Amino acid sequence: MSQVYDRVALIGLGLIASSMYWAMKRGNLAGEVTGYARSAETRATAREIGLCDRVCDTLAEAVEGADLVVLCVPVGVMGAVAGEIAPMLSPGVTVTDVGSVKADVIAQVAPHLPEGVHFIPGHPLAGTEHSGPRSGFAELFDNRWCLLVPVEGTDPEAVARLRRLWEGIGANVEEMDAEHHDLVLAVTSHAPHLIAYTMVGVADDLRRVTDSEVVKYSAAGFRDFTRIAASDPTMWRDVFLTNKEATLEILGRFTEELFALQRAIRQGDGEHLFDYFTRTRAIRRGIIEAGQDTAAPDFGRAGRK
Ligand code: NAP
């Protein structure tokens, strides 16, 4: 694979940035990759494990001379970081982000960027419940989707170049508008996370009654909820605060469906339950057929991190 950018700056050195770095190295996609994280501890870890060609102690140093800047920080601070780097950006530079929410991030970041800078928001649909600089791995994005959300009037050449980078990293790339992205992600990721957090919270309350049995006899359903509910609290707090409307819309629908199922259970309406579960089972088959998971009993995670 050939080099797509001469100088890439990764701002924030957590799961996503570190996975991007290892994947860029694997594919030889960038000449030099600089990295910056706000804490000295994370920068020291990055240096220790060889994460980034050059770890910088200031944002300015990391961004200087870059032709691609990737914002890999929680969505709630994207605007503040963009404001800090703005004076260092020259025309022709591409700024992208990997945030899980798009309309709010665009509203935060776009006003800071100077004329001539290409702003191309993005979101790789891949992650784990782990965070921090040590959690990344080159294969995270392989055969996963990366959604690009170009704002109106973006240079198609700049979009094509960023697309080449993500394809080199291993992802399949598609373009989408921000509102649609936020609604789709509310259904596929944000609401499910909230439901997992809730279920684990309920079990934790109950644990006080049943002693440690919830943990001791933890079965597949609950275990999977706990994995999701172990995700980074900062990231997920920010997701719900910034994708408020779409998440509330989906949670409203979820509550209605839950009430219908609750009624079916109370009335002994087995037909309703059976039909519902038959319909949902087909969705699982569709995901496997689309190559987004395997049918393995461990949900295909054994081979991944
Ligand atoms: P992470 O592992 O927790 O890393 C976050 C990084 O951001 C850390 O280097 C942290 O620095 C830095 N940071 C945190 N708060 C900051 C602030 N106020 N100012 C400057 N830097 C700050 O997070 P991640 O999982 O890589 O997520 C990064 C982005 O990717 C988020 O926007 C998230 O929505 C998105 N995303 C995540 C996933 C996922 O599953 N994890 C999937 C797709 C997209 P320190 O280490 O110095 O604190």
# chains A, B, ... in the order shown; residues from 1 in each chain; ligands from 1
call {"tool": "residues_around", "arguments": {"residues": "Pro111 of chain A", "least_positions_apart": "6", "cutoff": "12 Å", "atoms": "only C-alpha atoms", "output": "PyMOL selection string"}}
result
chain A and resi 78-80+82-83+86+104-105+117+119
call {"tool": "write_last_selection", "arguments": {"atoms": "N, CA and C atoms", "output": "PDB file, in the first residue's frame"}}
result
ATOM      1  N   MET A  78     -14.259  18.154  21.729  1.00  0.00           N
ATOM      2  CA  MET A  78     -13.785  18.353  20.348  1.00  0.00           C
ATOM      3  C   MET A  78     -13.648  19.844  20.019  1.00  0.00           C
ATOM      4  N   GLY A  79     -14.649  20.635  20.418  1.00  0.00           N
ATOM      5  CA  GLY A  79     -14.643  22.064  20.089  1.00  0.00           C
ATOM      6  C   GLY A  79     -13.478  22.775  20.762  1.00  0.00           C
ATOM      7  N   ALA A  80     -13.240  22.471  22.029  1.00  0.00           N
ATOM      8  CA  ALA A  80     -12.153  23.124  22.775  1.00  0.00           C
ATOM      9  C   ALA A  80     -10.805  22.797  22.138  1.00  0.00           C
ATOM     10  N   ALA A  82     -10.295  21.854  19.000  1.00  0.00           N
ATOM     11  CA  ALA A  82     -10.243  22.510  17.681  1.00  0.00           C
ATOM     12  C   ALA A  82      -9.863  23.984  17.837  1.00  0.00           C
ATOM     13  N   GLY A  83     -10.398  24.621  18.868  1.00  0.00           N
ATOM     14  CA  GLY A  83     -10.087  26.032  19.126  1.00  0.00           C
ATOM     15  C   GLY A  83      -8.603  26.225  19.406  1.00  0.00           C
ATOM     16  N   ALA A  86      -6.536  25.600  16.031  1.00  0.00           N
ATOM     17  CA  ALA A  86      -6.902  26.432  14.876  1.00  0.00           C
ATOM     18  C   ALA A  86      -5.777  27.375  14.408  1.00  0.00           C
ATOM     19  N   ASP A 104     -23.391  17.384  16.569  1.00  0.00           N
ATOM     20  CA  ASP A 104     -22.886  18.210  17.655  1.00  0.00           C
ATOM     21  C   ASP A 104     -21.392  18.507  17.476  1.00  0.00           C
ATOM     22  N   VAL A 105     -20.627  17.514  17.043  1.00  0.00           N
ATOM     23  CA  VAL A 105     -19.187  17.720  16.841  1.00  0.00           C
ATOM     24  C   VAL A 105     -18.960  18.747  15.719  1.00  0.00           C
ATOM     25  N   VAL A 117      -9.125  25.210   5.259  1.00  0.00           N
ATOM     26  CA  VAL A 117      -8.885  23.920   5.933  1.00  0.00           C
ATOM     27  C   VAL A 117     -10.045  22.996   5.566  1.00  0.00           C
ATOM     28  N   PHE A 119     -12.484  20.292   6.480  1.00  0.00           N
ATOM     29  CA  PHE A 119     -13.003  19.604   7.667  1.00  0.00           C
ATOM     30  C   PHE A 119     -13.891  18.456   7.213  1.00  0.00           C
TER      31      PHE A 119
END
call {"tool": "residues_around", "arguments": {"residues": "Ile120 of chain A", "least_positions_apart": "6", "cutoff": "10 Å", "atoms": "only C-alpha atoms", "output": "VMD selection string"}}
result
chain A and resid 70 94 to 97 106 110 148 to 152 154 to 155 158 to 159 162
call {"tool": "write_last_selection", "arguments": {"atoms": "all heavy atoms", "output": "CSV table (one decimal), in the first residue's frame"}}
result
chain,number,residue,atom,x,y,z
A,70,VAL,N,-6.1,14.3,13.2
A,70,VAL,CA,-7.2,13.5,13.6
A,70,VAL,C,-7.5,13.8,15.0
A,70,VAL,O,-6.7,13.5,15.9
A,70,VAL,CB,-6.9,12.0,13.3
A,70,VAL,CG1,-8.2,11.2,13.5
A,70,VAL,CG2,-6.3,11.7,12.0
A,94,THR,N,-6.2,18.8,6.1
A,94,THR,CA,-7.4,18.2,6.4
A,94,THR,C,-7.5,17.9,7.9
A,94,THR,O,-6.6,17.5,8.5
A,94,THR,CB,-7.6,16.9,5.7
A,94,THR,OG1,-7.7,17.1,4.3
A,94,THR,CG2,-8.8,16.1,6.1
A,95,VAL,N,-8.7,18.3,8.5
A,95,VAL,CA,-9.0,18.0,9.9
A,95,VAL,C,-10.1,17.0,9.9
A,95,VAL,O,-11.2,17.3,9.3
A,95,VAL,CB,-9.3,19.3,10.7
A,95,VAL,CG1,-9.8,18.9,12.1
A,95,VAL,CG2,-8.2,20.2,10.8
A,96,THR,N,-10.0,15.9,10.6
A,96,THR,CA,-11.1,15.0,10.7
A,96,THR,C,-11.2,14.6,12.2
A,96,THR,O,-10.4,15.0,13.0
A,96,THR,CB,-10.8,13.7,9.9
A,96,THR,OG1,-12.0,12.9,9.9
A,96,THR,CG2,-9.6,12.9,10.3
A,97,ASP,N,-12.2,13.8,12.6
A,97,ASP,CA,-12.4,13.4,13.9
A,97,ASP,C,-12.9,12.0,13.9
A,97,ASP,O,-13.3,11.5,12.8
A,97,ASP,CB,-13.3,14.3,14.7
A,97,ASP,CG,-14.8,14.0,14.3
A,97,ASP,OD1,-15.1,14.3,13.2
A,97,ASP,OD2,-15.5,13.5,15.2
A,106,ILE,N,-19.7,18.6,14.7
A,106,ILE,CA,-19.6,19.6,13.6
A,106,ILE,C,-19.9,21.0,14.1
A,106,ILE,O,-19.2,22.0,13.8
A,106,ILE,CB,-20.5,19.2,12.4
A,106,ILE,CG1,-20.1,17.9,11.8
A,106,ILE,CG2,-20.6,20.4,11.3
A,106,ILE,CD1,-21.0,17.3,10.7
A,110,ALA,N,-16.5,23.2,13.5
A,110,ALA,CA,-16.5,24.0,12.3
A,110,ALA,C,-16.2,25.5,12.5
A,110,ALA,O,-15.4,26.1,11.8
A,110,ALA,CB,-17.7,23.8,11.5
A,148,LEU,N,-17.9,8.6,6.7
A,148,LEU,CA,-17.5,10.0,6.6
A,148,LEU,C,-18.7,10.9,6.4
A,148,LEU,O,-19.6,10.6,5.7
A,148,LEU,CB,-16.5,10.1,5.4
A,148,LEU,CG,-15.2,9.3,5.5
A,148,LEU,CD1,-14.3,9.6,4.2
A,148,LEU,CD2,-14.5,9.7,6.7
A,149,VAL,N,-18.6,12.1,7.0
A,149,VAL,CA,-19.8,13.0,7.0
A,149,VAL,C,-19.3,14.4,6.5
A,149,VAL,O,-19.2,15.3,7.3
A,149,VAL,CB,-20.3,13.1,8.5
A,149,VAL,CG1,-21.6,13.9,8.5
A,149,VAL,CG2,-20.7,11.7,9.0
A,150,PRO,N,-19.0,14.5,5.2
A,150,PRO,CA,-18.4,15.7,4.7
A,150,PRO,C,-19.5,16.8,4.8
A,150,PRO,O,-20.7,16.6,4.5
A,150,PRO,CB,-18.1,15.5,3.3
A,150,PRO,CG,-18.2,14.0,3.1
A,150,PRO,CD,-19.1,13.5,4.1
A,151,VAL,N,-19.0,18.0,5.2
A,151,VAL,CA,-20.0,19.2,5.3
A,151,VAL,C,-20.1,19.8,3.9
A,151,VAL,O,-19.2,19.5,3.0
A,151,VAL,CB,-19.6,20.2,6.3
A,151,VAL,CG1,-19.7,19.7,7.7
A,151,VAL,CG2,-18.1,20.7,6.1
A,152,GLU,N,-21.1,20.5,3.7
A,152,GLU,CA,-21.4,21.0,2.3
A,152,GLU,C,-20.2,21.9,1.8
A,152,GLU,O,-19.6,22.6,2.5
A,152,GLU,CB,-22.6,21.9,2.3
A,152,GLU,CG,-23.7,21.5,1.3
A,152,GLU,CD,-24.9,22.4,1.3
A,152,GLU,OE1,-24.7,23.6,0.8
A,152,GLU,OE2,-25.9,22.0,1.8
A,154,THR,N,-17.4,20.7,0.7
A,154,THR,CA,-16.0,20.1,1.0
A,154,THR,C,-15.4,19.6,-0.4
A,154,THR,O,-16.1,19.1,-1.2
A,154,THR,CB,-16.1,18.9,1.9
A,154,THR,OG1,-16.9,19.2,3.0
A,154,THR,CG2,-14.8,18.4,2.3
A,155,ASP,N,-14.1,19.9,-0.5
A,155,ASP,CA,-13.4,19.5,-1.7
A,155,ASP,C,-13.4,17.9,-1.8
A,155,ASP,O,-12.9,17.2,-1.0
A,155,ASP,CB,-11.9,20.0,-1.5
A,155,ASP,CG,-11.0,19.5,-2.6
A,155,ASP,OD1,-11.5,19.1,-3.7
A,155,ASP,OD2,-9.8,19.7,-2.5
A,158,ALA,N,-10.2,16.0,-1.3
A,158,ALA,CA,-9.7,15.8,0.1
A,158,ALA,C,-10.5,14.7,0.7
A,158,ALA,O,-10.0,13.9,1.5
A,158,ALA,CB,-10.0,17.1,0.9
A,159,VAL,N,-11.8,14.5,0.4
A,159,VAL,CA,-12.6,13.4,0.9
A,159,VAL,C,-12.1,12.1,0.3
A,159,VAL,O,-11.9,11.1,1.1
A,159,VAL,CB,-14.1,13.6,0.5
A,159,VAL,CG1,-14.9,12.4,1.0
A,159,VAL,CG2,-14.7,14.9,1.0
A,162,LEU,N,-9.0,11.0,2.2
A,162,LEU,CA,-9.2,10.5,3.6
A,162,LEU,C,-9.9,9.1,3.5
A,162,LEU,O,-9.6,8.2,4.2
A,162,LEU,CB,-10.2,11.4,4.3
A,162,LEU,CG,-10.4,11.1,5.8
A,162,LEU,CD1,-9.2,11.0,6.6
A,162,LEU,CD2,-11.4,12.0,6.4
call {"tool": "residues_near_ligand", "arguments": {"ligand": "ligand 1", "cutoff": "9 Å", "atoms": "only C-alpha atoms and all ligand atoms", "output": "NGL selection string"}}
result
:A and (11-19 or 36-43 or 71-78 or 80-81 or 97-101 or 122-136 or 231-236 or 238-239)
call {"tool": "atom_distance", "arguments": {"atom1": "atom CA of Ala44 of chain A", "atom2": "atom CA of Cys56 of chain A"}}
result
10.2 Å
call {"tool": "select_by_dssp", "arguments": {"residues": "segment 145-279 of chain A", "states": "strand (DSSP E or B)", "output": "ChimeraX atom specification"}}
result
/A:145-148,172-175
call {"tool": "write_last_selection", "arguments": {"atoms": "N, CA, C and O atoms", "output": "PDB file, in the first residue's frame"}}
result
ATOM      1  N   TRP A 145     -17.048  -0.661   9.284  1.00  0.00           N
ATOM      2  CA  TRP A 145     -17.412   0.525   8.521  1.00  0.00           C
ATOM      3  C   TRP A 145     -16.750   1.765   9.096  1.00  0.00           C
ATOM      4  O   TRP A 145     -16.580   1.879  10.310  1.00  0.00           O
ATOM      5  N   CYS A 146     -16.398   2.679   8.210  1.00  0.00           N
ATOM      6  CA  CYS A 146     -16.028   4.015   8.668  1.00  0.00           C
ATOM      7  C   CYS A 146     -16.927   4.986   7.905  1.00  0.00           C
ATOM      8  O   CYS A 146     -16.952   4.988   6.675  1.00  0.00           O
ATOM      9  N   LEU A 147     -17.699   5.762   8.640  1.00  0.00           N
ATOM     10  CA  LEU A 147     -18.622   6.699   8.002  1.00  0.00           C
ATOM     11  C   LEU A 147     -17.974   8.070   7.934  1.00  0.00           C
ATOM     12  O   LEU A 147     -17.502   8.603   8.939  1.00  0.00           O
ATOM     13  N   LEU A 148     -17.950   8.648   6.739  1.00  0.00           N
ATOM     14  CA  LEU A 148     -17.459  10.016   6.579  1.00  0.00           C
ATOM     15  C   LEU A 148     -18.670  10.915   6.394  1.00  0.00           C
ATOM     16  O   LEU A 148     -19.633  10.552   5.713  1.00  0.00           O
ATOM     17  N   ASN A 172     -14.305  -0.324   5.476  1.00  0.00           N
ATOM     18  CA  ASN A 172     -15.149  -0.018   4.320  1.00  0.00           C
ATOM     19  C   ASN A 172     -15.729   1.361   4.577  1.00  0.00           C
ATOM     20  O   ASN A 172     -16.239   1.614   5.666  1.00  0.00           O
ATOM     21  N   VAL A 173     -15.665   2.227   3.583  1.00  0.00           N
ATOM     22  CA  VAL A 173     -16.031   3.618   3.819  1.00  0.00           C
ATOM     23  C   VAL A 173     -17.348   3.964   3.135  1.00  0.00           C
ATOM     24  O   VAL A 173     -17.590   3.560   1.999  1.00  0.00           O
ATOM     25  N   GLU A 174     -18.194   4.687   3.850  1.00  0.00           N
ATOM     26  CA  GLU A 174     -19.426   5.196   3.244  1.00  0.00           C
ATOM     27  C   GLU A 174     -19.655   6.627   3.714  1.00  0.00           C
ATOM     28  O   GLU A 174     -19.185   7.011   4.788  1.00  0.00           O
ATOM     29  N   GLU A 175     -20.358   7.412   2.875  1.00  0.00           N
ATOM     30  CA  GLU A 175     -20.657   8.787   3.278  1.00  0.00           C
ATOM     31  C   GLU A 175     -22.105   8.882   3.726  1.00  0.00           C
ATOM     32  O   GLU A 175     -22.970   8.168   3.230  1.00  0.00           O
TER      33      GLU A 175
END
call {"tool": "closest_residue", "arguments": {"among": "A:Glu32, A:Glu271, A:Glu115, A:Glu84", "to": "Ala66 of chain A", "atoms": "only C-alpha atoms"}}
result
A:Glu32
call {"tool": "atom_distance", "arguments": {"atom1": "atom CA of Gly27 of chain A", "atom2": "atom CA of Gly170 of chain A"}}
result
8.8 Å
call {"tool": "select_by_dssp", "arguments": {"residues": "segment 80-187 of chain A", "states": "helix (DSSP H, G or I)", "output": "VMD selection string"}}
result
chain A and resid 80 to 88 103 to 112 133 to 135 156 to 169 178 to 187
call {"tool": "residues_around", "arguments": {"residues": "segment 274-278 of chain A", "least_positions_apart": "4", "cutoff": "12 Å", "atoms": "only C-alpha atoms", "output": "JSON, numbers by chain"}}
result
{"A": [257, 258, 260, 261, 264, 265, 268, 269, 270, 282, 283, 284, 285]}
call {"tool": "closest_residue", "arguments": {"among": "A:Ala138, A:Ala30, A:Ala103, A:Ile228", "to": "Met176 of chain A", "atoms": "only C-alpha atoms"}}
result
A:Ala103
call {"tool": "closest_residue", "arguments": {"among": "A:Val215, A:Gln108, A:Phe225, A:Lys102", "to": "Asp177 of chain A", "atoms": "only C-alpha atoms"}}
result
A:Lys102
call {"tool": "residues_around", "arguments": {"residues": "Thr247 of chain A", "least_positions_apart": "3", "cutoff": "9 Å", "atoms": "only C-alpha atoms", "output": "PDB file with C-alpha atoms, in the first residue's frame"}}
result
ATOM      1  CA  ASP A 182     -26.796  10.273  14.638  1.00  0.00           C
ATOM      2  CA  LEU A 183     -30.165   8.522  14.294  1.00  0.00           C
ATOM      3  CA  LEU A 185     -26.060   5.248  15.706  1.00  0.00           C
ATOM      4  CA  ALA A 186     -28.716   5.964  18.336  1.00  0.00           C
ATOM      5  CA  VAL A 187     -30.403   2.701  17.244  1.00  0.00           C
ATOM      6  CA  HIS A 190     -26.143   4.530  21.787  1.00  0.00           C
ATOM      7  CA  ALA A 191     -29.530   3.215  23.011  1.00  0.00           C
ATOM      8  CA  PHE A 240     -25.629  10.947  25.515  1.00  0.00           C
ATOM      9  CA  ASN A 243     -26.749  12.935  20.760  1.00  0.00           C
ATOM     10  CA  LYS A 244     -29.643  13.817  23.000  1.00  0.00           C
ATOM     11  CA  ILE A 250     -35.161   5.753  20.125  1.00  0.00           C
ATOM     12  CA  LEU A 251     -35.584   5.254  23.879  1.00  0.00           C
ATOM     13  CA  GLY A 252     -39.201   6.421  23.535  1.00  0.00           C
TER      14      GLY A 252
END
call {"tool": "atom_distance", "arguments": {"atom1": "atom CA of Asp53 of chain A", "atom2": "atom CA of Gly168 of chain A"}}
result
18.5 Å
call {"tool": "decode", "arguments": {"residues": "segment 138-159 of chain A", "atoms": "N, CA and C atoms", "output": "short mmCIF file (atom, residue, chain, number, x, y, z; two decimals), in the first residue's frame"}}
result
data_model
loop_
_atom_site.label_atom_id
_atom_site.label_comp_id
_atom_site.auth_asym_id
_atom_site.auth_seq_id
_atom_site.Cartn_x
_atom_site.Cartn_y
_atom_site.Cartn_z
N ALA A 138 -3.88 -3.16 15.49
CA ALA A 138 -3.97 -2.82 14.06
C ALA A 138 -5.23 -3.35 13.38
N GLU A 139 -5.77 -4.46 13.90
CA GLU A 139 -6.89 -5.11 13.19
C GLU A 139 -8.26 -4.55 13.60
N LEU A 140 -8.30 -3.59 14.51
CA LEU A 140 -9.61 -3.14 15.03
C LEU A 140 -10.59 -2.75 13.93
N PHE A 141 -10.09 -2.11 12.88
CA PHE A 141 -11.01 -1.57 11.86
C PHE A 141 -11.19 -2.50 10.65
N ASP A 142 -10.50 -3.64 10.66
CA ASP A 142 -10.58 -4.53 9.50
C ASP A 142 -12.01 -4.96 9.23
N ASN A 143 -12.46 -4.67 8.00
CA ASN A 143 -13.81 -5.05 7.55
C ASN A 143 -14.93 -4.42 8.38
N ARG A 144 -14.62 -3.34 9.10
CA ARG A 144 -15.66 -2.57 9.81
C ARG A 144 -15.98 -1.35 8.94
N TRP A 145 -17.05 -0.66 9.28
CA TRP A 145 -17.41 0.52 8.52
C TRP A 145 -16.75 1.77 9.10
N CYS A 146 -16.40 2.68 8.21
CA CYS A 146 -16.03 4.02 8.67
C CYS A 146 -16.93 4.99 7.91
N LEU A 147 -17.70 5.76 8.64
CA LEU A 147 -18.62 6.70 8.00
C LEU A 147 -17.97 8.07 7.93
N LEU A 148 -17.95 8.65 6.74
CA LEU A 148 -17.46 10.02 6.58
C LEU A 148 -18.67 10.91 6.39
N VAL A 149 -18.61 12.07 7.02
CA VAL A 149 -19.75 12.98 7.02
C VAL A 149 -19.29 14.37 6.52
N PRO A 150 -18.97 14.47 5.23
CA PRO A 150 -18.44 15.75 4.74
C PRO A 150 -19.48 16.85 4.83
N VAL A 151 -19.05 18.04 5.25
CA VAL A 151 -19.98 19.16 5.29
C VAL A 151 -20.08 19.76 3.89
N GLU A 152 -21.15 20.53 3.67
CA GLU A 152 -21.39 21.05 2.32
C GLU A 152 -20.21 21.86 1.79
N GLY A 153 -19.91 21.65 0.52
CA GLY A 153 -18.85 22.42 -0.11
C GLY A 153 -17.45 21.87 0.11
N THR A 154 -17.36 20.67 0.73
CA THR A 154 -16.03 20.08 0.97
C THR A 154 -15.41 19.64 -0.35
N ASP A 155 -14.10 19.86 -0.47
CA ASP A 155 -13.35 19.47 -1.66
C ASP A 155 -13.40 17.94 -1.84
N PRO A 156 -13.96 17.46 -2.97
CA PRO A 156 -14.07 16.01 -3.17
C PRO A 156 -12.71 15.30 -3.17
N GLU A 157 -11.67 16.01 -3.63
CA GLU A 157 -10.31 15.43 -3.61
C GLU A 157 -9.86 15.10 -2.19
N ALA A 158 -10.15 16.04 -1.28
CA ALA A 158 -9.75 15.84 0.12
C ALA A 158 -10.52 14.67 0.73
N VAL A 159 -11.80 14.54 0.36
CA VAL A 159 -12.61 13.42 0.86
C VAL A 159 -12.07 12.10 0.32
#
